[in-house]
Amino acid sequence: MTGLGSAADLTWNERLLTGINAIDAQHKTLFNSVTLLQEAVQERSMIRTCYMLEQLSANVSNHFRDEEYAMRLHDFPHLTEHIREHRDFTNHLYWVRKACLSHEITGELLTELGSWLLEHVSKSDIDYVPYLTPDRCLLPMTLFDMHTPAGNTALRPLKP
Ligand SMILES: [Fe+2]
Ligand SMILES: [Fe+2]
């Protein structure tokens, strides 16, 4: 198992902000999951790596559901393409999780996950921002609160 590639490039930064608090909180949670995944890889712990992949998958699933709901609610015109990107990533993540469980994980597979996340959040997600500006945003914040409770970004799993 090799490293997660250019780890330093995958840290959260303000250029990734959408300005929509609920979405930004979820994005930070996703990047935090990637950081924890990197740590697991650096520890060369296959069990923890697989566990962190499951955590990332759960966070990704919650986030995509809420983001797609928000885009639908605001008639985002590129919804179909955006959802296709989400589905492609979900499929890729499925195969990476499967590879991890069968001890066939590679650093390249993990690097792709982080790179995709960075690319998608910094480009595709930023595209919907004009349609979901805070003053227009119809999102019930309590919906997001259910999925990104305070402290979730600092979530650290129990050591396996
Ligand atoms: Fe997103
Ligand atoms: Fe997205």
# chains A, B, ... in the order shown; residues from 1 in each chain; ligands from 1
call {"tool": "closest_atom_pairs", "arguments": {"of": "chain A", "to": "ligand 1", "cutoff": "8 Å", "atoms": "only C-alpha atoms and all ligand atoms", "output": "CSV"}}
result
residue,atom,partner,partner_atom_place_in_ligand_line,distance
A:Ile23,CA,ligand 1,1 (Fe),6.8
A:Gln26,CA,ligand 1,1 (Fe),7.6
A:His27,CA,ligand 1,1 (Fe),6.1
A:His63,CA,ligand 1,1 (Fe),6.6
A:Phe64,CA,ligand 1,1 (Fe),6.6
A:Glu67,CA,ligand 1,1 (Fe),6.3
A:His120,CA,ligand 1,1 (Fe),7.2
A:Val121,CA,ligand 1,1 (Fe),5.4
A:Asp125,CA,ligand 1,1 (Fe),5.4
call {"tool": "residues_near_ligand", "arguments": {"ligand": "ligand 2", "cutoff": "12 Å", "atoms": "only C-alpha atoms and all ligand atoms", "output": "number ranges by chain"}}
result
A: 18, 23-24, 26-27, 30, 60-71, 76, 78-90, 116-129
call {"tool": "atom_distance", "arguments": {"atom1": "atom CA of A:Glu108", "atom2": "atom CA of A:Leu37"}}
result
13.4 Å
call {"tool": "residues_around", "arguments": {"residues": "A:Thr11", "least_positions_apart": "4", "cutoff": "12 Å", "atoms": "only C-alpha atoms", "output": "number ranges by chain"}}
result
A: 6-7, 15-16, 27-36, 38, 114-115, 117-118
call {"tool": "residues_around", "arguments": {"residues": "stretch 92-96 of chain A", "least_positions_apart": "4", "cutoff": "7 Å", "atoms": "only C-alpha atoms", "output": "PyMOL selection string"}}
result
chain A and resi 88+100+105+109
call {"tool": "decode", "arguments": {"residues": "stretch 68-84 of chain A", "atoms": "C-alpha atoms", "output": "mmCIF file, in the first residue's frame"}}
result
data_model
loop_
_atom_site.group_PDB
_atom_site.id
_atom_site.type_symbol
_atom_site.label_atom_id
_atom_site.label_comp_id
_atom_site.auth_asym_id
_atom_site.auth_seq_id
_atom_site.Cartn_x
_atom_site.Cartn_y
_atom_site.Cartn_z
ATOM 1 C CA GLU A 68 -28.858 17.053 -5.331
ATOM 2 C CA TYR A 69 -31.958 17.978 -3.335
ATOM 3 C CA ALA A 70 -30.772 21.599 -3.177
ATOM 4 C CA MET A 71 -29.992 21.741 -6.906
ATOM 5 C CA ARG A 72 -33.410 20.272 -7.757
ATOM 6 C CA LEU A 73 -35.118 22.732 -5.447
ATOM 7 C CA HIS A 74 -33.441 25.648 -7.232
ATOM 8 C CA ASP A 75 -33.837 24.306 -10.793
ATOM 9 C CA PHE A 76 -30.107 24.170 -11.410
ATOM 10 C CA PRO A 77 -29.895 23.791 -15.223
ATOM 11 C CA HIS A 78 -26.909 21.391 -15.212
ATOM 12 C CA LEU A 79 -28.421 18.998 -12.695
ATOM 13 C CA THR A 80 -28.179 15.908 -14.936
ATOM 14 C CA GLU A 81 -24.470 16.363 -15.638
ATOM 15 C CA HIS A 82 -23.768 17.087 -11.993
ATOM 16 C CA ILE A 83 -25.606 13.987 -10.829
ATOM 17 C CA ARG A 84 -23.687 11.942 -13.395
#
